[in-house]
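Shown next, in structure tokens, is the structure this report addresses.
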Amino acid sequence: MRHRLEYLLVRGVQMVLRPLPVSALRTIGGPLGLVAYAVDRRHRRIAIDNLTTAFPGRSPRECRRIARHVFRHMGRLLLEVLKLDGMPASALLTLIESDGDDRVREAYRQGRGVLFFSGHFGYWEMFGVGHPLRVAPFSYVERPLDNPLLDAVLSRVRGQTGNSPIARQGGVRRMLRELAANRGVAMLIDQHLHGPDAISVQFFGRPAATTSALAAMALRTGAVVIPFFVLPLPGGRYRLIAEHPVPPPASDAPHAVREFTQRCTDVIEMYVRRYPELWLWMHRRWRAGGAAPAGTPPVDARPSREDGEDG
């Protein structure tokens with residue numbers, strides 16, 4: 001019953017949003033996020049604590065200000081993702097500008113597939129919807145939402161321009177097949193991870209348990225690794241960024257998987273430092289335990305569980 005009520009609420013919101021432009025949704029979504037900031041004391045506290053630790057040079061007042069902006073952004077993000085459902089490709093193209101399409105095309109020309117990665121930063125869902133219209137569809141690694149009705153809505157949004165899902169659990173073989181066929185695979189790597197393929201790297205100067213699957217897969221297949229990010233633009237538009245590929249260490253280097261994972265994490269940290277109000281600070285990213293202190297986990301390790309929101 002709870003799942004059905006949540007679904008009906010979301011569908012009702014979608015009906016209200018459908019005639020509105022994205023710029024109007026940003027005007028509405030910001031105050032909704034501030035309401036969440038006021039009532040959700042637990043996640044507000046986590047966000048402020050994380051910001052205070054990550055930016056020791058900033059005052060408590062400044063950290064609270066950033067936290068409010070984070071909640072405002074998440075309110076906007078929620079409404080804008082719902083708006084994307086069923087939007088025609090021609091309308092989507094008018095909302096986006098791209099930086100790095102040629103880098104992606106060059107990566108595909110190498111013939112070993114492309115591994116895209118990012119974090120819960122900016123409008124990450126927009127990359128999956130918009131990029132296939134500019135270059136090519138890809139597959140994305142996901143864990144289904146707890147509510148199967150809402151999961152169907154999100155899957156429809158993510159797949160409406162040709163993308164395909166890969167289940168997080170047991171998806172390694174599918175990922176290998178996609179890369180062998182010179183296709184793209186995307187994943188988010190910025191949340192705390194439990195399991196045998198978790199590896200500890202530095203994120204804002206603190207150890208953070210992070211998936212090793214991206215680095216291990218890249219070293220195994222030779223796929224090009226490209227970070228992606230989506231920034232908001234004025235007028236309800238988006239800037240899709242495919243960054244320069246992350247150079248891999250030598251495959252026989254000591255702790256190559258850890259070094260590669262650190263390089264990828266450093267790119268995410270660079271963007272979060274530039275735009276701290278666009279990252280999911282209310283997630284408990286830094287926790288004791290959960291990651292291997294040393295070694296190189298195999299790419300085909302048994303499935304693990306990633307906490308929090310999946311992307």
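Ligands are numbered from 1 in the order shown, chains are lettered A, B, ... in the order of the structure tokens, and residues start at 1 in each chain.
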**OP:** DSSP on the backbone, then: every residue of region 184-275 of chain A marked strand (DSSP E), written as a ChimeraX atom specification.
**Re:** /A:184-188,193-194,198-203,206-211,224-233,237-242
Write the residues you've just listed into a file as a PDB file, in the first residue's frame, and include C-alpha atoms for each of them.
```
ATOM      1  CA  GLY A 184      29.726   2.164 -23.215  1.00  0.00           C
ATOM      2  CA  VAL A 185      29.031   1.328 -19.569  1.00  0.00           C
ATOM      3  CA  ALA A 186      28.340   3.977 -16.923  1.00  0.00           C
ATOM      4  CA  MET A 187      28.487   3.809 -13.134  1.00  0.00           C
ATOM      5  CA  LEU A 188      28.545   6.083 -10.091  1.00  0.00           C
ATOM      6  CA  LEU A 193      30.540   0.404  -0.277  1.00  0.00           C
ATOM      7  CA  HIS A 194      30.358  -2.830   1.692  1.00  0.00           C
ATOM      8  CA  ALA A 198      35.448  -2.246  -1.720  1.00  0.00           C
ATOM      9  CA  ILE A 199      38.791  -0.495  -1.599  1.00  0.00           C
ATOM     10  CA  SER A 200      39.941   2.405   0.576  1.00  0.00           C
ATOM     11  CA  VAL A 201      41.037   5.601  -1.161  1.00  0.00           C
ATOM     12  CA  GLN A 202      41.360   9.207  -0.043  1.00  0.00           C
ATOM     13  CA  PHE A 203      38.403  11.531  -0.565  1.00  0.00           C
ATOM     14  CA  ARG A 206      39.831  10.932   4.586  1.00  0.00           C
ATOM     15  CA  PRO A 207      39.707   7.186   3.791  1.00  0.00           C
ATOM     16  CA  ALA A 208      36.530   6.290   1.927  1.00  0.00           C
ATOM     17  CA  ALA A 209      35.371   2.775   0.981  1.00  0.00           C
ATOM     18  CA  THR A 210      34.941   2.870  -2.794  1.00  0.00           C
ATOM     19  CA  THR A 211      34.091   0.347  -5.476  1.00  0.00           C
ATOM     20  CA  VAL A 224      38.862   4.116 -21.968  1.00  0.00           C
ATOM     21  CA  VAL A 225      37.693   5.689 -18.684  1.00  0.00           C
ATOM     22  CA  ILE A 226      35.855   9.012 -19.045  1.00  0.00           C
ATOM     23  CA  PRO A 227      34.444  11.091 -16.174  1.00  0.00           C
ATOM     24  CA  PHE A 228      31.155  12.862 -16.835  1.00  0.00           C
ATOM     25  CA  PHE A 229      29.365  15.726 -15.087  1.00  0.00           C
ATOM     26  CA  VAL A 230      26.256  17.822 -15.719  1.00  0.00           C
ATOM     27  CA  LEU A 231      26.031  21.446 -14.592  1.00  0.00           C
ATOM     28  CA  PRO A 232      22.944  23.675 -14.561  1.00  0.00           C
ATOM     29  CA  LEU A 233      22.776  26.576 -16.995  1.00  0.00           C
ATOM     30  CA  ARG A 237      19.284  24.254 -19.487  1.00  0.00           C
ATOM     31  CA  TYR A 238      22.166  21.840 -18.839  1.00  0.00           C
ATOM     32  CA  ARG A 239      25.827  21.540 -19.725  1.00  0.00           C
ATOM     33  CA  LEU A 240      26.920  17.920 -20.290  1.00  0.00           C
ATOM     34  CA  ILE A 241      30.658  17.465 -19.760  1.00  0.00           C
ATOM     35  CA  ALA A 242      32.643  14.423 -20.858  1.00  0.00           C
TER      36      ALA A 242
END
```
Can you check which parts of region 188-257 of chain A lie within 8 Å of region 282-285 of chain A? Per residue, the shortest pair of atoms and distance in Å to one decimal, counting only C-alpha atoms, sorted by chain and number, as CSV.
```
residue,atom,partner,partner_atom,distance
A:Asp190,CA,A:Arg285,CA,7.7
A:Gln191,CA,A:Arg285,CA,5.7
A:His192,CA,A:Arg285,CA,5.1
A:Ala208,CA,A:Arg285,CA,6.8
```
**OP:** Can you work out the spacing between CA of Gly130 (chain A) and CA of Gln110 (chain A) in Å, to one decimal?
**Re:** 22.9 Å
Please, which residues in region 105-188 of chain A fall within 10 Å of region 65-74 of chain A when counting only C-alpha atoms, and what is the closest atom pair and distance in Å to one decimal for each, ordered by chain then residue number, as a Markdown table?
```
| residue | atom | partner | partner_atom | distance |
| --- | --- | --- | --- | --- |
| A:Phe121 | CA | A:Met74 | CA | 9.8 |
| A:Gly122 | CA | A:His73 | CA | 8.0 |
| A:Tyr123 | CA | A:His73 | CA | 9.2 |
```
**OP:** With a distance cut-off of 10 Å and only C-alpha atoms, select the neighbouring residues of Gln160 (chain A), excluding the residue or stretch itself and same-chain residues fewer than 2 positions from it, and output the selection as a PyMOL selection string.
**Re:** chain A and resi 84-89+128-130+132+155-158+162-164
Take the residues just selected and output them with C-alpha atoms as a short mmCIF file (atom, residue, chain, number, x, y, z; two decimals), in the first residue's frame.
```
data_model
loop_
_atom_site.label_atom_id
_atom_site.label_comp_id
_atom_site.auth_asym_id
_atom_site.auth_seq_id
_atom_site.Cartn_x
_atom_site.Cartn_y
_atom_site.Cartn_z
CA LEU A 84 12.11 14.25 -18.22
CA ASP A 85 9.74 11.26 -18.33
CA GLY A 86 8.43 11.04 -21.88
CA MET A 87 9.97 14.33 -23.07
CA PRO A 88 10.48 14.23 -26.88
CA ALA A 89 14.06 14.00 -28.10
CA GLY A 128 22.09 9.40 -19.37
CA VAL A 129 19.13 11.02 -21.09
CA GLY A 130 21.00 13.61 -23.15
CA PRO A 132 22.78 9.24 -26.32
CA SER A 155 13.96 3.06 -15.51
CA ARG A 156 11.65 4.55 -18.12
CA VAL A 157 13.37 7.94 -17.78
CA ARG A 158 16.83 6.41 -18.02
CA GLY A 162 18.16 4.02 -25.79
CA ASN A 163 20.15 3.17 -22.65
CA SER A 164 19.99 -0.28 -21.03
#
```
